[in-house]
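Undergrad: Provided herewith is a single structure, encoded as structure tokens, for subsequent inquiry.
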Amino acid sequence: MRKSLLLFILLTGYLLNGIAQTVWVEPANATINNEITIYFDKESSSFWTDGEAKIYLHAGVNTTAGHWKNVNDAFSNLNDSQEMTAHEGTKVWKKTITPKEYFSLTEGTTVYSIDLKFRNQYDPGGNNETGNFELTLTEAHVFHSEKEITSFAINGQGAQISGDQISIQIPAETDITSLSPVIEVSEHATISPASGTAQDFSSPVQYVVTAEDGSESTYTASVTQLSIAKDIILFTVDDIEATIGDNTVSLVLPYNTSIGLSQVTPTIEVSPEASISPLSGVERDFTNPQTYTVTAENNSTKDYTISITIADPPMLVTSPENPSADQQVSITFNAKGTALENASKVYLHYCVINTSVKNEWIDYG
């Protein structure tokens, strides 16, 4: 809450029962954060000067650290920052300052009064300077000027803040017509619209941050919707499609494949806007299962365990598969899973079938 900084003369100098003012300030309800004008009537004091002399203001502030702090310059220095301007001939002199800036006050500093005295252009001492005056203030502080958005989040997702631009990425399925961002701003500042207020982010939304000193900064917040899809939708080797589960992919190659498991180059398709690592078309060793990671547009990830095996051959294979009567035939017997699986020798008992005599046993081998 802002506290008005009221200035008035504590010691000599204010109009009372017709006594002329020596030092006064305008406007009467000025604050330390705003511009004020200090007036000095040299003729109402014992201060001496001739008509050609310049008048200088020597001032500091009374804070929690005591009197005469943040003095504008050394008393012996006569410069533009101290020089006053003649207001009514050479009778009344004035100096316009903004105390916060003139005394280089740190934001948040509590100021109780302004300490000041006056001198002419001659060497100090004797009638060349006045005694001390004090402009007593109601307890007040220098307003803060910070007006930044320090944090901006929607549904727990933090935004990127760059200058006066705020950008945030959220899942594609989110309803952006009613989002309530959680916003943090500089200490002592306020924001409009307020944090937690639902807004339609179909188009950029502007936020105004107001500092304690009344200055403002405007931010523009934009929402981008990103896909969360991160699935393997197709996995093939040599045009043979795999079976795809939630987090698994399994593929069985034919027993007579020419592909070795140590050198497999799969072709992979993933969700739109997603990517996969390792990439599709990159050779891998599938002697053991391999892990692939799919990354969605919103940078979320999903791991798949991919297994490739080679099928066992059938129990009986002939080559050629459908031979003619005058062709030589090679017969392969797969004993795996049969009673002969562990036999040291296997003998073939075969016959031929013709149109006249069926199942005629021809020979033994």
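Naming works like this for the structure tokens: A, B, ... for the chains as they're shown, residue 1 at the start of each chain, ligands 1 onward in shown order.
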Residues of range 172-245 of chain A that have any atom at most 10 Å from an atom of range 100-121 of chain A: could you tabulate them with the shortest-distance atom pair and the distance in Å to one decimal, using only C-alpha atoms, ordered by chain and increasing number, as a tab-separated table?
TA:
residue	atom	partner	partner_atom	distance
A:His188	CA	A:Gly108	CA	9.8
A:Glu212	CA	A:Glu107	CA	10.0
A:Asp213	CA	A:Glu107	CA	9.8
Undergrad: Deliver the residues from the most recent selection as a file, using C-alpha atoms, as a PDB file, in the first residue's frame.
TA:
ATOM      1  CA  HIS A 188       5.280  -5.239  -4.688  1.00  0.00           C
ATOM      2  CA  GLU A 212       4.575  -0.042  -6.900  1.00  0.00           C
ATOM      3  CA  ASP A 213       5.627   3.301  -8.382  1.00  0.00           C
TER       4      ASP A 213
END
Undergrad: If you run DSSP over the backbone, which residues in range 81-177 of chain A end up strand (DSSP E)? Put them as a CSV table (one decimal) with C-alpha atoms, in the first residue's frame.
TA:
chain,number,residue,atom,x,y,z
A,85,THR,CA,17.3,29.3,-9.4
A,86,ALA,CA,16.1,32.8,-8.5
A,87,HIS,CA,12.4,32.8,-8.1
A,88,GLU,CA,11.5,36.4,-7.2
A,92,VAL,CA,13.4,33.7,-3.1
A,93,TRP,CA,15.3,30.9,-4.6
A,94,LYS,CA,14.1,27.4,-5.6
A,95,LYS,CA,15.3,24.0,-6.5
A,96,THR,CA,13.2,21.3,-8.2
A,97,ILE,CA,14.1,17.7,-7.6
A,110,THR,CA,12.2,4.3,4.5
A,111,VAL,CA,12.6,8.1,4.6
A,112,TYR,CA,11.5,10.2,7.5
A,113,SER,CA,12.7,13.7,6.5
A,114,ILE,CA,15.0,15.7,4.2
A,115,ASP,CA,18.0,17.4,5.9
A,116,LEU,CA,19.1,20.7,4.2
A,117,LYS,CA,21.0,23.9,4.5
A,118,PHE,CA,21.9,26.7,2.1
A,119,ARG,CA,25.1,28.6,1.2
A,120,ASN,CA,26.2,31.2,-1.2
A,133,PHE,CA,16.6,22.9,8.2
A,134,GLU,CA,14.6,19.7,8.3
A,135,LEU,CA,11.6,18.9,6.1
A,136,THR,CA,9.8,16.3,8.2
A,137,LEU,CA,7.9,13.6,6.4
A,138,THR,CA,5.3,11.1,7.4
A,139,GLU,CA,7.0,7.7,7.5
A,140,ALA,CA,7.2,6.6,3.8
A,141,HIS,CA,9.4,4.6,1.6
A,149,ILE,CA,6.6,-11.6,-14.9
A,150,THR,CA,9.0,-14.0,-13.2
A,151,SER,CA,7.0,-17.2,-13.7
A,152,PHE,CA,4.1,-18.3,-16.0
A,153,ALA,CA,2.7,-21.8,-16.0
A,154,ILE,CA,-0.4,-23.6,-17.3
A,157,GLN,CA,3.8,-26.6,-17.6
A,158,GLY,CA,6.2,-23.7,-17.4
A,160,GLN,CA,9.5,-19.5,-21.8
A,161,ILE,CA,9.8,-15.8,-21.0
A,162,SER,CA,11.9,-13.7,-23.4
A,165,GLN,CA,7.1,-12.4,-25.0
A,166,ILE,CA,5.8,-15.5,-23.2
A,167,SER,CA,5.5,-18.8,-25.0
A,168,ILE,CA,4.2,-22.0,-23.7
A,169,GLN,CA,3.6,-25.4,-25.3
A,170,ILE,CA,0.8,-27.7,-24.1
A,171,PRO,CA,-0.8,-31.0,-25.3
Undergrad: Write out as a PyMOL selection string each polymer residue whose atoms come within 12 Å of Gly196 in chain A, counting only C-alpha atoms; drop sequence neighbours fewer than 6 positions from it.
TA: chain A and resi 152-155+178-184
Undergrad: If you keep N, CA and C atoms, can you produce a file of those selected residues as a PDB file, in the first residue's frame?
TA:
ATOM      1  N   PHE A 152       5.430 -18.138 -15.289  1.00  0.00           N
ATOM      2  CA  PHE A 152       4.138 -18.268 -15.969  1.00  0.00           C
ATOM      3  C   PHE A 152       3.959 -19.745 -16.300  1.00  0.00           C
ATOM      4  N   ALA A 153       2.885 -20.368 -15.786  1.00  0.00           N
ATOM      5  CA  ALA A 153       2.685 -21.804 -15.999  1.00  0.00           C
ATOM      6  C   ALA A 153       1.208 -22.096 -16.226  1.00  0.00           C
ATOM      7  N   ILE A 154       0.956 -23.103 -17.071  1.00  0.00           N
ATOM      8  CA  ILE A 154      -0.407 -23.581 -17.326  1.00  0.00           C
ATOM      9  C   ILE A 154      -0.424 -25.089 -17.122  1.00  0.00           C
ATOM     10  N   ASN A 155      -1.305 -25.539 -16.239  1.00  0.00           N
ATOM     11  CA  ASN A 155      -1.428 -26.973 -15.934  1.00  0.00           C
ATOM     12  C   ASN A 155      -0.077 -27.575 -15.556  1.00  0.00           C
ATOM     13  N   SER A 178     -10.154 -21.935 -22.473  1.00  0.00           N
ATOM     14  CA  SER A 178     -10.350 -21.594 -21.055  1.00  0.00           C
ATOM     15  C   SER A 178      -9.186 -22.152 -20.241  1.00  0.00           C
ATOM     16  N   LEU A 179      -8.104 -21.409 -20.225  1.00  0.00           N
ATOM     17  CA  LEU A 179      -6.906 -21.810 -19.483  1.00  0.00           C
ATOM     18  C   LEU A 179      -6.638 -20.785 -18.384  1.00  0.00           C
ATOM     19  N   SER A 180      -6.226 -21.278 -17.209  1.00  0.00           N
ATOM     20  CA  SER A 180      -5.998 -20.412 -16.050  1.00  0.00           C
ATOM     21  C   SER A 180      -4.526 -20.453 -15.656  1.00  0.00           C
ATOM     22  N   PRO A 181      -3.721 -19.564 -16.200  1.00  0.00           N
ATOM     23  CA  PRO A 181      -2.293 -19.582 -15.879  1.00  0.00           C
ATOM     24  C   PRO A 181      -2.007 -19.159 -14.441  1.00  0.00           C
ATOM     25  N   VAL A 182      -0.969 -19.752 -13.883  1.00  0.00           N
ATOM     26  CA  VAL A 182      -0.465 -19.352 -12.566  1.00  0.00           C
ATOM     27  C   VAL A 182       0.742 -18.451 -12.824  1.00  0.00           C
ATOM     28  N   ILE A 183       0.670 -17.216 -12.345  1.00  0.00           N
ATOM     29  CA  ILE A 183       1.661 -16.202 -12.698  1.00  0.00           C
ATOM     30  C   ILE A 183       2.293 -15.620 -11.434  1.00  0.00           C
ATOM     31  N   GLU A 184       3.603 -15.436 -11.479  1.00  0.00           N
ATOM     32  CA  GLU A 184       4.312 -14.738 -10.407  1.00  0.00           C
ATOM     33  C   GLU A 184       4.963 -13.484 -10.986  1.00  0.00           C
TER      34      GLU A 184
END
Undergrad: Taking only C-alpha atoms into account, which of A:Ala59, A:Ala221, A:Val317, A:Ile38 comes nearest Val329 in chain A?
TA: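 Smallest separation from Val329 in chain A among the options: A:Val317.
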Undergrad: Out of range 74-299 of chain A, which residues get helix (DSSP H, G or I) from DSSP, as number ranges by chain?
TA: A: 99-102, 126-128
Undergrad: Which of these, A:Ser307, A:Asn288, A:Asn342, A:Thr236, has the shortest distance to Ile268 in chain A once you count only C-alpha atoms?
TA: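 Selected residue with least distance to Ile268 in chain A: A:Thr236.
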Undergrad: Just how far from CA of Lys302 in chain A is CA of Asp231 in chain A, in Å to one decimal?
TA: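 Computing the Euclidean distance for CA of Asp231 in chain A and CA of Lys302 in chain A yields 7.6 Å.
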Undergrad: Kindly give the distance, in Å, that separates CA of Glu173 in chain A and CA of Thr293 in chain A, rounded to a single decimal.
TA: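 Atom-to-atom, CA of Glu173 in chain A and CA of Thr293 in chain A are spaced 22.4 Å apart.
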Undergrad: Would you pick out the contacts of Pro266 in chain A at 10 Å or less, using only C-alpha atoms, so that residues sharing its chain but fewer than 2 positions from it are not included, and give the list as a PyMOL selection string?
TA: chain A and resi 235-241+263-264+268+279-284
Undergrad: Do a neighbour search on Ser330 in chain A at 10 Å with only C-alpha atoms, toss out local chain neighbours closer than 2 positions, and write the hits as a PDB file with N, CA and C atoms, in the first residue's frame.
TA:
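Just written: out_19.pdb:
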ATOM      1  N   VAL A 317      10.807 -80.825 -45.177  1.00  0.00           N
ATOM      2  CA  VAL A 317      10.965 -79.862 -46.256  1.00  0.00           C
ATOM      3  C   VAL A 317      11.564 -80.571 -47.457  1.00  0.00           C
ATOM      4  N   THR A 318      10.976 -80.370 -48.626  1.00  0.00           N
ATOM      5  CA  THR A 318      11.532 -80.918 -49.863  1.00  0.00           C
ATOM      6  C   THR A 318      12.019 -79.795 -50.740  1.00  0.00           C
ATOM      7  N   SER A 319      13.050 -80.087 -51.449  1.00  0.00           N
ATOM      8  CA  SER A 319      13.571 -79.111 -52.402  1.00  0.00           C
ATOM      9  C   SER A 319      13.880 -79.821 -53.719  1.00  0.00           C
ATOM     10  N   PRO A 320      13.217 -79.423 -54.794  1.00  0.00           N
ATOM     11  CA  PRO A 320      12.208 -78.372 -54.861  1.00  0.00           C
ATOM     12  C   PRO A 320      10.943 -78.745 -54.114  1.00  0.00           C
ATOM     13  N   GLU A 321      10.112 -77.731 -53.816  1.00  0.00           N
ATOM     14  CA  GLU A 321       8.925 -77.958 -52.984  1.00  0.00           C
ATOM     15  C   GLU A 321       7.921 -78.870 -53.671  1.00  0.00           C
ATOM     16  N   PRO A 323       8.359 -81.187 -56.667  1.00  0.00           N
ATOM     17  CA  PRO A 323       9.189 -81.742 -57.745  1.00  0.00           C
ATOM     18  C   PRO A 323       8.353 -82.564 -58.740  1.00  0.00           C
ATOM     19  N   GLN A 327      12.591 -85.416 -61.373  1.00  0.00           N
ATOM     20  CA  GLN A 327      13.528 -84.533 -60.693  1.00  0.00           C
ATOM     21  C   GLN A 327      14.138 -85.202 -59.468  1.00  0.00           C
ATOM     22  N   GLN A 328      15.366 -84.818 -59.196  1.00  0.00           N
ATOM     23  CA  GLN A 328      16.016 -85.251 -57.949  1.00  0.00           C
ATOM     24  C   GLN A 328      15.460 -84.410 -56.814  1.00  0.00           C
ATOM     25  N   THR A 332      14.548 -82.716 -46.211  1.00  0.00           N
ATOM     26  CA  THR A 332      15.109 -82.315 -44.917  1.00  0.00           C
ATOM     27  C   THR A 332      14.077 -82.608 -43.845  1.00  0.00           C
TER      28      THR A 332
END
Undergrad: Using only C-alpha atoms, which residue out of A:Ile32, A:Met84, A:Ala242, A:Ala74 lies closest to Leu57 in chain A?
TA: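 Ranked by minimum distance to Leu57 in chain A, first place goes to A:Met84.
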Undergrad: Which residues are close to Leu226 in chain A, i.e. within 12 Å by only C-alpha atoms, leaving aside same-chain residues fewer than 5 positions away? Reply as a list in words.
TA: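 Listed by chain and then number, they are Ile168, Gln169, Ile170, Pro171, Ala172, Glu173, Thr174, Ile176, Pro272, Glu273, Ala274, Thr295, Ala296, Glu297, Asn298, Asn299 and Ser300 of chain A.
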Undergrad: Mind writing the picked residues with C-alpha atoms as a PDB file, in the first residue's frame?
TA:
ATOM      1  CA  ILE A 168       4.162 -22.047 -23.699  1.00  0.00           C
ATOM      2  CA  GLN A 169       3.606 -25.445 -25.297  1.00  0.00           C
ATOM      3  CA  ILE A 170       0.750 -27.681 -24.147  1.00  0.00           C
ATOM      4  CA  PRO A 171      -0.753 -30.999 -25.342  1.00  0.00           C
ATOM      5  CA  ALA A 172      -2.758 -30.857 -28.559  1.00  0.00           C
ATOM      6  CA  GLU A 173      -5.938 -32.185 -26.974  1.00  0.00           C
ATOM      7  CA  THR A 174      -6.075 -29.378 -24.352  1.00  0.00           C
ATOM      8  CA  ILE A 176      -7.205 -23.627 -25.018  1.00  0.00           C
ATOM      9  CA  PRO A 272       2.797 -37.909 -36.923  1.00  0.00           C
ATOM     10  CA  GLU A 273       5.188 -35.218 -35.591  1.00  0.00           C
ATOM     11  CA  ALA A 274       7.042 -37.861 -33.534  1.00  0.00           C
ATOM     12  CA  THR A 295       9.744 -38.828 -28.843  1.00  0.00           C
ATOM     13  CA  ALA A 296       6.468 -36.918 -29.237  1.00  0.00           C
ATOM     14  CA  GLU A 297       6.229 -33.350 -30.508  1.00  0.00           C
ATOM     15  CA  ASN A 298       5.885 -32.172 -26.902  1.00  0.00           C
ATOM     16  CA  ASN A 299       9.172 -33.962 -26.056  1.00  0.00           C
ATOM     17  CA  SER A 300       7.557 -36.710 -23.975  1.00  0.00           C
TER      18      SER A 300
END
Undergrad: May I ask which of the residues A:Gly89, A:Pro289, A:Gly337, A:Pro99 is the closest one to Asn70 in chain A, counting only C-alpha atoms?
TA: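 Distance minimum relative to Asn70 in chain A lands on A:Pro99.
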Undergrad: Quick one, how far is CA of Asn322 in chain A from CA of Leu251 in chain A?
TA: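 Computed distance, CA of Asn322 in chain A to CA of Leu251 in chain A, equals 28.2 Å.
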